[in-house]
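Next up, data04.tsv (TSV, C-alpha atoms):
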```tsv
chain	number	residue	atom	x	y	z
G	1	MET	CA	-18.72	-5.54	24.11
G	2	SER	CA	-18.55	-1.99	22.82
G	3	GLN	CA	-21.39	-1.29	20.42
G	4	HIS	CA	-19.99	1.87	18.89
G	5	PRO	CA	-16.19	1.87	18.95
G	6	THR	CA	-14.38	4.86	17.50
G	7	ILE	CA	-12.39	3.90	14.41
G	8	SER	CA	-9.29	5.91	13.50
G	9	LEU	CA	-9.29	5.21	9.76
G	10	ALA	CA	-6.07	5.77	7.83
G	11	LEU	CA	-6.51	6.13	4.08
G	12	THR	CA	-3.10	5.51	2.55
G	13	ASP	CA	-1.84	5.47	-1.02
G	14	ASP	CA	1.21	3.67	-2.41
G	15	TRP	CA	2.44	6.45	-4.70
G	16	GLU	CA	4.67	4.93	-7.36
G	17	LEU	CA	5.27	3.80	-10.90
G	18	ARG	CA	4.73	0.16	-11.87
G	19	GLY	CA	6.85	-2.46	-10.18
G	20	ASP	CA	9.06	-2.90	-13.24
G	21	GLY	CA	9.71	0.85	-13.44
G	22	SER	CA	7.43	1.41	-16.43
G	23	GLY	CA	4.80	4.10	-16.81
G	24	ASP	CA	4.46	7.84	-17.26
G	25	PRO	CA	4.85	9.73	-13.93
G	26	GLU	CA	2.34	12.36	-15.03
G	27	GLN	CA	-0.32	9.76	-15.81
G	28	LEU	CA	0.37	7.31	-12.97
G	29	GLN	CA	1.43	9.67	-10.18
G	30	PHE	CA	1.00	13.42	-10.60
G	31	GLU	CA	-2.51	13.50	-12.10
G	32	PRO	CA	-3.99	10.92	-9.65
G	33	LEU	CA	-2.39	12.80	-6.76
G	34	ARG	CA	-4.03	16.05	-7.80
G	35	LYS	CA	-7.42	14.34	-8.02
G	36	LEU	CA	-7.07	12.70	-4.62
G	37	LEU	CA	-5.91	15.94	-3.00
G	38	SER	CA	-9.01	17.66	-4.39
G	39	ILE	CA	-11.30	14.94	-3.00
G	40	TYR	CA	-9.59	14.90	0.38
G	41	GLY	CA	-9.51	18.68	0.63
G	42	GLU	CA	-13.21	19.05	-0.13
G	43	ASN	CA	-14.08	16.55	2.62
G	44	GLY	CA	-11.59	17.57	5.29
G	45	ALA	CA	-9.80	14.24	5.07
G	46	ARG	CA	-6.24	13.99	6.37
G	47	THR	CA	-4.58	10.95	4.82
G	48	THR	CA	-1.14	9.50	4.12
G	49	PHE	CA	0.83	9.01	0.92
G	50	ASN	CA	3.41	6.23	1.14
G	51	VAL	CA	5.87	7.52	-1.43
G	52	GLU	CA	8.29	5.24	-3.29
G	53	VAL	CA	11.59	6.96	-2.50
G	54	MET	CA	13.96	4.44	-4.12
G	55	GLN	CA	12.33	5.32	-7.42
G	56	GLN	CA	13.04	9.01	-6.79
G	57	LEU	CA	16.64	8.30	-5.83
G	58	ALA	CA	17.11	6.46	-9.13
G	59	PHE	CA	15.72	9.45	-11.05
G	60	ARG	CA	18.14	11.72	-9.20
G	61	GLU	CA	21.08	9.39	-9.81
G	62	PHE	CA	20.59	9.38	-13.58
G	63	GLN	CA	19.35	12.95	-14.07
G	64	THR	CA	22.78	14.20	-15.17
G	65	THR	CA	23.37	11.58	-17.85
G	66	VAL	CA	19.68	11.57	-18.86
G	67	PRO	CA	18.57	15.23	-18.64
G	68	ALA	CA	14.92	14.35	-19.31
G	69	LEU	CA	14.74	12.73	-15.87
G	70	LYS	CA	15.54	15.89	-13.89
G	71	PRO	CA	12.25	17.73	-14.55
G	72	LEU	CA	10.37	14.60	-13.51
G	73	ALA	CA	12.40	14.29	-10.31
G	74	ASP	CA	11.82	17.98	-9.56
G	75	ALA	CA	8.09	17.54	-10.21
G	76	TRP	CA	8.09	14.57	-7.79
G	77	ASP	CA	9.57	16.75	-5.04
G	78	ASP	CA	7.09	19.53	-5.77
G	79	ALA	CA	4.13	17.14	-5.68
G	80	VAL	CA	5.18	15.62	-2.35
G	81	ARG	CA	5.74	19.04	-0.81
G	82	GLU	CA	2.38	20.28	-2.07
G	83	ALA	CA	0.54	17.29	-0.59
G	84	PHE	CA	2.32	17.95	2.71
G	85	ARG	CA	1.43	21.66	2.60
G	86	GLN	CA	-2.22	20.69	2.17
G	87	GLY	CA	-2.11	18.76	5.46
G	88	GLN	CA	-1.51	15.27	4.11
G	89	ASP	CA	1.00	12.95	5.73
G	90	ILE	CA	4.00	11.48	3.89
G	91	GLN	CA	5.56	8.16	4.91
G	92	LEU	CA	8.09	5.67	3.60
G	93	HIS	CA	7.56	3.01	0.95
G	94	ILE	CA	10.30	1.25	-1.01
G	95	HIS	CA	10.60	-1.54	-3.58
G	96	PRO	CA	14.04	-3.17	-3.41
G	97	GLN	CA	14.11	-3.90	-7.16
G	98	TRP	CA	15.03	-0.20	-7.58
G	99	SER	CA	18.31	-0.88	-5.73
G	100	LYS	CA	19.84	-2.06	-9.02
G	101	ALA	CA	18.23	0.33	-11.47
G	102	THR	CA	19.69	1.30	-14.82
G	103	TYR	CA	18.23	3.48	-17.54
G	104	ARG	CA	18.73	2.40	-21.17
G	105	GLU	CA	16.97	3.17	-24.41
G	106	GLY	CA	14.31	5.31	-22.76
G	107	ARG	CA	13.21	2.89	-20.06
G	108	TRP	CA	14.10	1.64	-16.62
G	109	HIS	CA	15.64	-1.79	-16.07
G	110	LEU	CA	15.30	-3.01	-12.49
G	111	SER	CA	17.44	-6.00	-11.58
G	112	GLY	CA	17.16	-5.90	-7.79
G	113	ASP	CA	15.18	-8.61	-6.02
G	114	TRP	CA	11.49	-7.75	-5.59
G	115	ALA	CA	11.42	-9.29	-2.10
G	116	LEU	CA	12.98	-7.23	0.68
G	117	PRO	CA	13.65	-10.34	2.87
G	118	ARG	CA	15.75	-11.85	0.05
G	119	THR	CA	17.79	-8.67	-0.41
G	120	ASP	CA	21.23	-8.34	1.17
G	121	VAL	CA	20.98	-6.84	4.66
G	122	ASN	CA	23.52	-4.10	3.94
G	123	THR	CA	21.64	-3.13	0.79
G	124	VAL	CA	18.39	-2.92	2.76
G	125	ARG	CA	20.06	-0.80	5.44
G	126	SER	CA	21.39	1.58	2.78
G	127	MET	CA	18.01	1.82	1.04
G	128	LEU	CA	16.18	2.58	4.28
G	129	GLU	CA	18.74	5.12	5.50
G	130	ARG	CA	18.97	6.99	2.19
G	131	SER	CA	15.21	7.00	1.60
G	132	LYS	CA	14.32	8.15	5.10
G	133	ARG	CA	16.95	10.88	4.96
G	134	TYR	CA	15.70	12.06	1.56
G	135	LEU	CA	12.12	12.47	2.80
G	136	GLU	CA	13.09	14.19	6.01
G	137	ASN	CA	15.43	16.60	4.19
G	138	LEU	CA	12.64	17.34	1.74
G	139	LEU	CA	9.91	18.04	4.30
G	140	GLN	CA	11.59	19.29	7.46
G	141	PRO	CA	12.09	22.77	5.90
G	142	LEU	CA	8.26	22.91	5.85
G	143	ASP	CA	7.84	21.41	9.33
G	144	SER	CA	10.87	20.90	11.54
G	145	ASP	CA	8.98	18.23	13.54
G	146	TYR	CA	8.41	15.98	10.52
G	147	LYS	CA	9.75	12.42	10.81
G	148	CYS	CA	9.34	9.15	8.99
G	149	VAL	CA	7.57	6.99	11.55
G	150	ALA	CA	5.76	4.37	9.43
G	151	PHE	CA	6.91	1.97	6.74
G	152	ARG	CA	5.30	-0.21	4.09
G	153	SER	CA	7.47	-2.69	2.24
G	154	GLY	CA	7.14	-3.05	-1.52
G	155	SER	CA	4.36	-5.49	-2.43
G	156	SER	CA	3.84	-6.00	1.35
G	157	CYS	CA	6.82	-8.38	1.43
G	158	ILE	CA	8.27	-8.05	4.96
G	159	ALA	CA	8.25	-11.55	6.49
G	160	PRO	CA	9.83	-13.80	7.39
G	161	SER	CA	13.06	-11.85	7.79
G	162	SER	CA	15.74	-11.88	10.45
G	163	PHE	CA	16.76	-8.26	9.79
G	164	ALA	CA	13.86	-6.19	8.37
G	165	LEU	CA	12.13	-5.23	11.62
G	166	PRO	CA	15.39	-4.71	13.58
G	167	LEU	CA	16.63	-2.35	10.85
G	168	LEU	CA	13.38	-0.37	10.93
G	169	THR	CA	13.72	-0.12	14.70
G	170	GLU	CA	17.29	1.18	14.41
G	171	LEU	CA	16.05	3.95	12.13
G	172	GLY	CA	13.31	5.07	14.50
G	173	ILE	CA	10.34	3.65	12.59
G	174	LYS	CA	7.48	3.27	15.07
G	175	PHE	CA	5.34	0.80	13.17
G	176	ASP	CA	5.22	-1.30	10.02
G	177	MET	CA	2.08	-1.66	7.91
G	178	SER	CA	3.13	-4.40	5.48
G	179	ILE	CA	1.22	-7.37	6.90
G	180	ILE	CA	-2.06	-8.33	5.20
G	181	GLY	CA	-3.65	-11.37	6.80
G	182	GLY	CA	-4.39	-14.22	4.39
G	183	LEU	CA	-2.44	-12.68	1.50
G	184	ARG	CA	-0.79	-15.22	-0.79
G	185	VAL	CA	1.35	-14.33	-3.78
G	186	ASN	CA	3.19	-16.76	-6.04
G	187	THR	CA	4.64	-15.05	-9.10
G	188	ARG	CA	8.01	-15.24	-10.80
G	189	ASN	CA	9.18	-12.28	-8.68
G	190	LEU	CA	7.41	-12.76	-5.36
G	191	GLN	CA	6.37	-15.53	-3.04
G	192	ILE	CA	4.36	-14.40	-0.01
G	193	ASP	CA	2.33	-16.52	2.39
G	194	TYR	CA	0.54	-14.58	5.12
G	195	SER	CA	-2.01	-17.31	5.80
G	196	PRO	CA	-0.17	-18.17	9.08
G	197	CYS	CA	-0.56	-14.60	10.42
G	198	GLU	CA	-1.46	-14.77	14.10
G	199	GLU	CA	-3.04	-11.29	14.09
G	200	SER	CA	-4.55	-9.68	11.02
G	201	PHE	CA	-6.69	-6.85	12.40
G	202	LEU	CA	-5.39	-5.26	15.60
G	203	PRO	CA	-1.98	-3.67	16.31
G	204	PHE	CA	0.46	-6.22	17.69
G	205	TYR	CA	4.03	-6.67	18.84
G	206	PRO	CA	5.69	-8.86	16.19
G	207	ARG	CA	8.38	-11.41	16.61
G	208	LEU	CA	11.40	-9.57	15.26
G	209	ASP	CA	12.38	-12.46	12.98
G	210	ASP	CA	8.89	-13.02	11.55
G	211	ALA	CA	6.24	-10.30	11.44
G	212	ARG	CA	3.58	-12.93	10.83
G	213	LYS	CA	3.94	-14.02	14.45
G	214	VAL	CA	2.88	-12.24	17.66
G	215	SER	CA	5.66	-11.76	20.21
G	216	ASN	CA	5.28	-12.91	23.78
G	217	LYS	CA	6.54	-9.52	25.02
G	218	PRO	CA	6.49	-5.83	24.06
G	219	GLU	CA	8.89	-5.06	21.21
G	220	PRO	CA	10.46	-1.78	20.03
G	221	ILE	CA	8.31	-1.81	16.89
G	222	ILE	CA	4.61	-2.50	16.29
G	223	CYS	CA	2.81	-4.00	13.30
G	224	VAL	CA	-0.55	-2.61	12.23
G	225	PRO	CA	-2.09	-4.85	9.54
G	226	ILE	CA	-3.78	-3.52	6.43
G	227	PHE	CA	-7.46	-4.43	6.50
G	228	HIS	CA	-8.79	-7.35	4.47
G	229	PHE	CA	-12.26	-8.84	4.11
G	230	TYR	CA	-14.43	-11.05	1.92
G	231	LEU	CA	-16.55	-9.42	-0.76
G	232	SER	CA	-20.08	-10.77	-1.09
G	233	ARG	CA	-20.92	-13.24	-3.85
G	234	ARG	CA	-23.09	-10.63	-5.53
G	235	GLU	CA	-20.37	-8.00	-5.70
G	236	THR	CA	-17.80	-10.63	-6.65
G	237	PHE	CA	-19.95	-11.69	-9.59
G	238	LYS	CA	-20.20	-8.06	-10.71
G	239	GLN	CA	-16.42	-7.73	-10.48
G	240	VAL	CA	-15.83	-10.87	-12.53
G	241	LEU	CA	-18.23	-9.72	-15.24
G	242	SER	CA	-16.56	-6.30	-15.34
G	243	LYS	CA	-13.09	-7.83	-15.75
G	244	ILE	CA	-14.27	-10.19	-18.48
G	245	SER	CA	-15.86	-7.27	-20.31
G	246	GLN	CA	-12.70	-5.20	-19.94
G	247	LYS	CA	-10.49	-8.00	-21.26
G	248	LEU	CA	-12.78	-8.54	-24.23
G	249	GLY	CA	-12.71	-4.83	-24.96
G	250	ASN	CA	-8.91	-4.77	-24.77
G	251	THR	CA	-8.68	-7.77	-27.07
G	252	LEU	CA	-10.95	-6.22	-29.66
G	253	SER	CA	-9.06	-2.94	-29.57
G	254	SER	CA	-5.64	-4.67	-29.38
G	255	GLN	CA	-4.86	-2.89	-26.11
G	256	THR	CA	-3.21	-4.27	-23.01
G	257	ASP	CA	-3.06	-2.99	-19.45
G	258	GLY	CA	0.26	-1.25	-18.90
G	259	ASP	CA	1.87	-2.79	-22.00
G	260	GLY	CA	1.33	-6.26	-20.58
G	261	TYR	CA	2.78	-5.40	-17.18
G	262	SER	CA	0.08	-7.17	-15.18
G	263	GLN	CA	0.17	-10.27	-17.34
G	264	GLU	CA	3.95	-10.48	-17.40
G	265	GLN	CA	4.87	-9.51	-13.85
G	266	TRP	CA	1.88	-10.63	-11.79
G	267	ALA	CA	0.84	-13.87	-13.49
G	268	GLU	CA	0.71	-16.62	-10.89
G	269	VAL	CA	2.93	-19.63	-11.42
G	270	GLY	CA	2.27	-23.26	-10.62
G	271	ARG	CA	-1.25	-23.41	-12.06
G	272	SER	CA	-2.03	-26.85	-13.40
G	273	SER	CA	-4.40	-25.74	-16.15
G	274	ARG	CA	-6.38	-22.84	-17.55
G	275	PHE	CA	-9.50	-24.37	-16.04
G	276	LYS	CA	-7.89	-24.40	-12.57
G	277	LEU	CA	-6.91	-20.75	-13.03
G	278	ALA	CA	-10.43	-19.82	-14.14
G	279	TYR	CA	-11.93	-21.76	-11.23
G	280	ASP	CA	-9.69	-20.13	-8.62
G	281	LYS	CA	-9.99	-16.60	-10.01
G	282	ALA	CA	-13.63	-16.51	-11.13
G	283	ILE	CA	-15.83	-19.49	-10.32
G	284	LYS	CA	-14.82	-20.20	-6.71
G	285	PRO	CA	-15.02	-16.54	-5.55
G	286	CYS	CA	-18.49	-16.24	-7.09
G	287	LEU	CA	-19.58	-19.25	-5.06
G	288	SER	CA	-18.08	-18.30	-1.71
G	289	GLY	CA	-17.11	-14.60	-1.85
G	290	LYS	CA	-13.77	-13.09	-2.78
G	291	TYR	CA	-10.81	-12.38	-0.52
G	292	MET	CA	-10.03	-8.66	-0.85
G	293	VAL	CA	-7.28	-6.46	0.41
G	294	GLY	CA	-8.71	-3.17	1.71
G	295	ASP	CA	-7.53	-1.30	-1.39
G	296	LEU	CA	-9.58	1.71	-2.48
G	297	SER	CA	-8.38	1.39	-6.06
G	298	GLN	CA	-9.77	-2.15	-6.45
G	299	LEU	CA	-13.36	-1.55	-5.34
G	300	ASP	CA	-16.36	0.31	-6.70
G	301	TYR	CA	-18.66	2.24	-4.38
G	302	ALA	CA	-20.79	-0.81	-3.55
G	303	GLY	CA	-17.66	-2.77	-2.69
G	304	LEU	CA	-16.33	0.10	-0.58
G	305	ARG	CA	-19.60	0.15	1.34
G	306	GLU	CA	-19.30	-3.58	1.98
G	307	MET	CA	-15.77	-3.03	3.22
G	308	LEU	CA	-16.96	-0.31	5.58
G	309	HIS	CA	-19.58	-2.67	6.99
G	310	ALA	CA	-16.88	-5.31	7.51
G	311	ILE	CA	-14.65	-2.79	9.31
G	312	ARG	CA	-17.44	-1.81	11.69
G	313	PHE	CA	-18.31	-5.46	12.35
G	314	LYS	CA	-14.69	-6.34	13.20
G	315	ALA	CA	-14.34	-3.23	15.35
G	316	ARG	CA	-17.42	-4.19	17.40
G	317	GLN	CA	-16.09	-7.74	17.76
G	318	SER	CA	-12.83	-6.44	19.21
G	319	GLY	CA	-14.58	-5.06	22.28
G	320	LEU	CA	-12.31	-1.99	22.19
G	321	LYS	CA	-13.49	1.58	22.59
G	322	GLU	CA	-11.07	2.92	19.98
G	323	LEU	CA	-8.79	1.29	17.44
G	324	PRO	CA	-6.89	2.07	14.23
G	325	VAL	CA	-7.71	0.60	10.81
G	326	ILE	CA	-5.46	1.07	7.78
G	327	LEU	CA	-6.61	0.91	4.17
G	328	THR	CA	-4.32	1.00	1.17
G	329	CYS	CA	-4.73	2.33	-2.37
G	330	HIS	CA	-2.77	2.31	-5.62
G	331	SER	CA	-3.90	5.49	-7.31
G	332	LYS	CA	-2.04	4.59	-10.51
G	333	TYR	CA	-4.81	2.02	-11.14
G	334	ILE	CA	-7.86	4.20	-10.45
G	335	LYS	CA	-10.08	4.59	-13.50
G	336	ASP	CA	-13.05	6.31	-11.88
G	337	PHE	CA	-12.45	8.58	-8.88
G	338	SER	CA	-16.19	9.05	-8.22
G	339	HIS	CA	-16.32	5.82	-6.19
G	340	ILE	CA	-13.61	7.01	-3.83
G	341	GLU	CA	-15.17	10.47	-3.67
G	342	SER	CA	-18.49	9.00	-2.51
G	343	PHE	CA	-16.74	6.77	0.01
G	344	VAL	CA	-14.69	9.64	1.48
G	345	ARG	CA	-17.84	11.77	1.71
G	346	ASP	CA	-19.55	8.98	3.69
G	347	ILE	CA	-16.62	8.73	6.10
G	348	ALA	CA	-16.63	12.49	6.62
G	349	LYS	CA	-20.26	12.28	7.74
G	350	ALA	CA	-19.81	9.27	10.03
G	351	THR	CA	-19.90	9.78	13.78
G	352	ASP	CA	-18.00	6.59	14.68
G	353	ILE	CA	-15.12	7.05	12.24
G	354	LYS	CA	-12.48	9.75	12.06
G	355	PHE	CA	-9.72	10.26	9.53
G	356	ALA	CA	-6.23	9.58	10.86
G	357	THR	CA	-2.78	9.86	9.33
G	358	LEU	CA	-0.07	7.30	9.96
G	359	THR	CA	1.71	9.95	12.04
G	360	ASP	CA	-1.44	10.26	14.16
G	361	ILE	CA	-1.53	6.51	14.67
G	362	ALA	CA	2.18	6.37	15.54
G	363	THR	CA	1.72	9.10	18.14
G	364	LYS	CA	-1.20	7.30	19.76
G	365	LEU	CA	0.58	3.95	19.69
G	366	GLU	CA	3.61	5.46	21.40
G	367	ALA	CA	1.41	7.11	24.02
G	368	GLY	CA	-0.39	3.84	24.78
G	369	HIS	CA	-3.71	5.16	23.48
G	370	PHE	CA	-4.34	2.07	21.34
G	371	ALA	CA	-4.25	-1.46	22.68
G	372	VAL	CA	-1.35	-3.50	21.26
G	373	ARG	CA	-1.58	-7.27	21.34
G	374	SER	CA	1.13	-9.62	22.60
G	375	LEU	CA	0.90	-13.28	23.53
```
What do you get writing this file as structure tokens?
Amino acid sequence: MSQHPTISLALTDDWELRGDGSGDPEQLQFEPLRKLLSIYGENGARTTFNVEVMQQLAFREFQTTVPALKPLADAWDDAVREAFRQGQDIQLHIHPQWSKATYREGRWHLSGDWALPRTDVNTVRSMLERSKRYLENLLQPLDSDYKCVAFRSGSSCIAPSSFALPLLTELGIKFDMSIIGGLRVNTRNLQIDYSPCEESFLPFYPRLDDARKVSNKPEPIICVPIFHFYLSRRETFKQVLSKISQKLGNTLSSQTDGDGYSQEQWAEVGRSSRFKLAYDKAIKPCLSGKYMVGDLSQLDYAGLREMLHAIRFKARQSGLKELPVILTCHSKYIKDFSHIESFVRDIAKATDIKFATLTDIATKLEAGHFAVRSL
């Protein structure tokens, strides 16, 4: 077993407004991007921004009838180009609810289905084609070799689907990074169950009708899961206390997070009682540790250090000399960038970890540099 495998670590960010289209682009996108670019630049970190292109296409579609949208769409293009000029990678991320976007009374109304597998196949094909073409037209003037090679589906919803992976293959996407082992979502908009995932750490060839399953043969597209782990009971307890304190503070000041967006759009359904909800969300994790997606925006520095330890442990267990690991982030939610800054500084100093973009990983996957699992 390899004691010191080399980890190609991809720090990615889902760069977007809220899932219902709400939010100020300056506050949720442009300002966080500038802060992340500063942190990455100071530490020599090359990373990837997964940019929500369907959102941008909606801004462009309505910019003539709603002139206030054009400067925001132009600023979006400028921000993406600037990140690319600074050596950061740009890859494709779409939420299908933007496929039926309208703009009325100063706000977006998104009536498309939140789940890509439930969206009409022709609509998905159009979204993917238009979005990929938009990004490549935007960035190829800066680098003629630029291509969209990686994809992350909105809210990680990619499977099961009879058409999602075949469509990505048709468009030349080399790998998908939507799978998160153990993820379960049950809201009014989304139902995801990735508990049956047969591989949740290493790159694998997926069954083309269900990315949760490993194929028995090489396929024309690869899945690379986003990392997940279990936070310690101590750090979980600190998280729970912090959230309780934050909610109490919001209640006393009559404030809500994102005008109630989280409560309205991400409240889980099917809970039998408030006690059951409190037990599942607070008491049980404090007793056994909390399932966590490897999301930089959801962890403080202590939590990020625990995640790094978990990554190294899993890498050693794999027995491989080198492997890719992908982390996600939602910079629109970051309150304190100092935690990420400290984490990135640690990675820059590490001898067993190197920063990698999704383009880097795609290149190495295609060249056979990374092992890819099949049955």
Residues of region 100-204 of chain G within 8 Å of region 69-91 of chain G: nearest atom pair and distance (Å, one decimal) for each, counting only C-alpha atoms, sorted by chain and number, as CSV?
```
residue,atom,partner,partner_atom,distance
G:Leu138,CA,G:Asp77,CA,7.5
G:Leu139,CA,G:Arg81,CA,6.7
G:Leu142,CA,G:Arg85,CA,7.7
G:Cys148,CA,G:Gln91,CA,5.6
G:Val149,CA,G:Gln91,CA,7.0
G:Ala150,CA,G:Gln91,CA,5.9
G:Phe151,CA,G:Gln91,CA,6.6
```
Using all atoms listed in the file, the best pick from G:Ala164, G:Leu323, G:Ala68, G:Leu208 as closest to Val372 (chain G) would be G:Leu323
One residue among G:Ser153, G:Ser331, G:Ser161, G:Asn137 is nearest to Leu37 (chain G) when using all atoms listed in the file, and that residue is G:Ser331
Which residues are close to Arg152 (chain G), i.e. within 7 Å by all atoms listed in the file, leaving aside same-chain residues fewer than 3 positions away? Reply as a JSON list (two decimals) with C-alpha atoms, in the coordinates of the input.
```json
[["chain", "number", "residue", "atom", "x", "y", "z"],
["G", 92, "LEU", "CA", 8.09, 5.67, 3.60],
["G", 93, "HIS", "CA", 7.56, 3.01, 0.95],
["G", 156, "SER", "CA", 3.84, -6.00, 1.35],
["G", 176, "ASP", "CA", 5.22, -1.30, 10.02],
["G", 177, "MET", "CA", 2.08, -1.66, 7.91],
["G", 178, "SER", "CA", 3.13, -4.40, 5.48]]
```
Could you build a table of the residues in region 120-179 of chain G lying no more than 10 Å from region 94-107 of chain G, giving for each the nearest pair of atoms and their separation in Å rounded to one decimal place, using all atoms listed in the file, ordered by chain and ascending residue number, as JSON lines?
```
{"residue": "G:Asp120", "atom": "CA", "partner": "G:Pro96", "partner_atom": "CA", "distance": 10.0}
{"residue": "G:Thr123", "atom": "CA", "partner": "G:Ser99", "partner_atom": "CA", "distance": 7.7}
{"residue": "G:Val124", "atom": "CA", "partner": "G:Pro96", "partner_atom": "CA", "distance": 7.6}
{"residue": "G:Ser126", "atom": "CA", "partner": "G:Ser99", "partner_atom": "CA", "distance": 9.4}
{"residue": "G:Met127", "atom": "CA", "partner": "G:Ser99", "partner_atom": "CA", "distance": 7.3}
{"residue": "G:Leu128", "atom": "CA", "partner": "G:Ile94", "partner_atom": "CA", "distance": 8.0}
{"residue": "G:Ser131", "atom": "CA", "partner": "G:Ile94", "partner_atom": "CA", "distance": 8.0}
{"residue": "G:Phe151", "atom": "CA", "partner": "G:Ile94", "partner_atom": "CA", "distance": 8.5}
{"residue": "G:Arg152", "atom": "CA", "partner": "G:Ile94", "partner_atom": "CA", "distance": 7.3}
{"residue": "G:Ser153", "atom": "CA", "partner": "G:Ile94", "partner_atom": "CA", "distance": 5.8}
{"residue": "G:Gly154", "atom": "CA", "partner": "G:His95", "partner_atom": "CA", "distance": 4.3}
{"residue": "G:Ser155", "atom": "CA", "partner": "G:His95", "partner_atom": "CA", "distance": 7.5}
{"residue": "G:Ser156", "atom": "CA", "partner": "G:His95", "partner_atom": "CA", "distance": 9.5}
{"residue": "G:Cys157", "atom": "CA", "partner": "G:His95", "partner_atom": "CA", "distance": 9.3}
```
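Closest approach to His228 (chain G) from the set G:Lys314, G:Lys321, G:Arg207, G:Arg345 is made by G:Lys314, with distances taken over all atoms listed in the file.
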Using all atoms listed in the file, can you tell me which of G:Leu9, G:Leu167, G:Val53, G:Ile244 comes closest to Ala350 (chain G)?
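Among G:Leu9, G:Leu167, G:Val53, G:Ile244, it is G:Leu9 that comes nearest to Ala350 (chain G).
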Tyr230 (chain G) proximity check over G:Val293, G:Leu299, G:Val185, G:Ile353, using only C-alpha atoms: winner is G:Val293
Using only C-alpha atoms, pick whichever of G:Arg125, G:Lys290, G:Arg212, G:Lys217 has the shortest atom-to-atom distance to Phe237 (chain G).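 Of G:Arg125, G:Lys290, G:Arg212, G:Lys217, the one nearest Phe237 (chain G) is G:Lys290, counting only C-alpha atoms.
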*Give me the residues within 8 Å of Pro196 (chain G) as a list of chain:residue names, counting only C-alpha atoms and dropping any in the same chain fewer than 4 places off.*
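The filter keeps G:Gly181, G:Gly182, G:Arg212, G:Lys213.
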Go ahead and save the residues from that selection, with C-alpha atoms, as a PDB file, in the coordinates of the input.
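The result, written out as result08.pdb:
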```pdb
ATOM      1  CA  GLY G 181      -3.650 -11.370   6.800  1.00  0.00           C
ATOM      2  CA  GLY G 182      -4.390 -14.220   4.390  1.00  0.00           C
ATOM      3  CA  ARG G 212       3.580 -12.930  10.830  1.00  0.00           C
ATOM      4  CA  LYS G 213       3.940 -14.020  14.450  1.00  0.00           C
TER       5      LYS G 213
END
```
Please indicate the distance in Å from CA of Thr236 (chain G) to CA of Arg305 (chain G), rounded to one decimal place.
->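 According to the coordinates, CA of Thr236 (chain G) and CA of Arg305 (chain G) are separated by 13.5 Å.
The spacing separating CA of Ile311 (chain G) from CA of Asp346 (chain G) amounts to 13.9 Å.
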message: Show me, as a ChimeraX atom specification, the residues that have an atom within 8 Å of Ala348 (chain G) when counting only C-alpha atoms, minus same-chain residues fewer than 5 positions from it.
response: /G:43-45,353-355
A straight line from CA of Ile347 (chain G) to CA of Ala371 (chain G) spans 23.1 Å
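The protein and nucleic acid residues lying at most 10 Å from Leu308 (chain G) are Phe229, Gly294, Ala302, Gly303, Leu304, Arg312, Phe313, Lys314, Phe343, Asp346 and Ile347 of chain G, with all atoms listed in the file considered and sequence neighbours fewer than 4 positions away removed.
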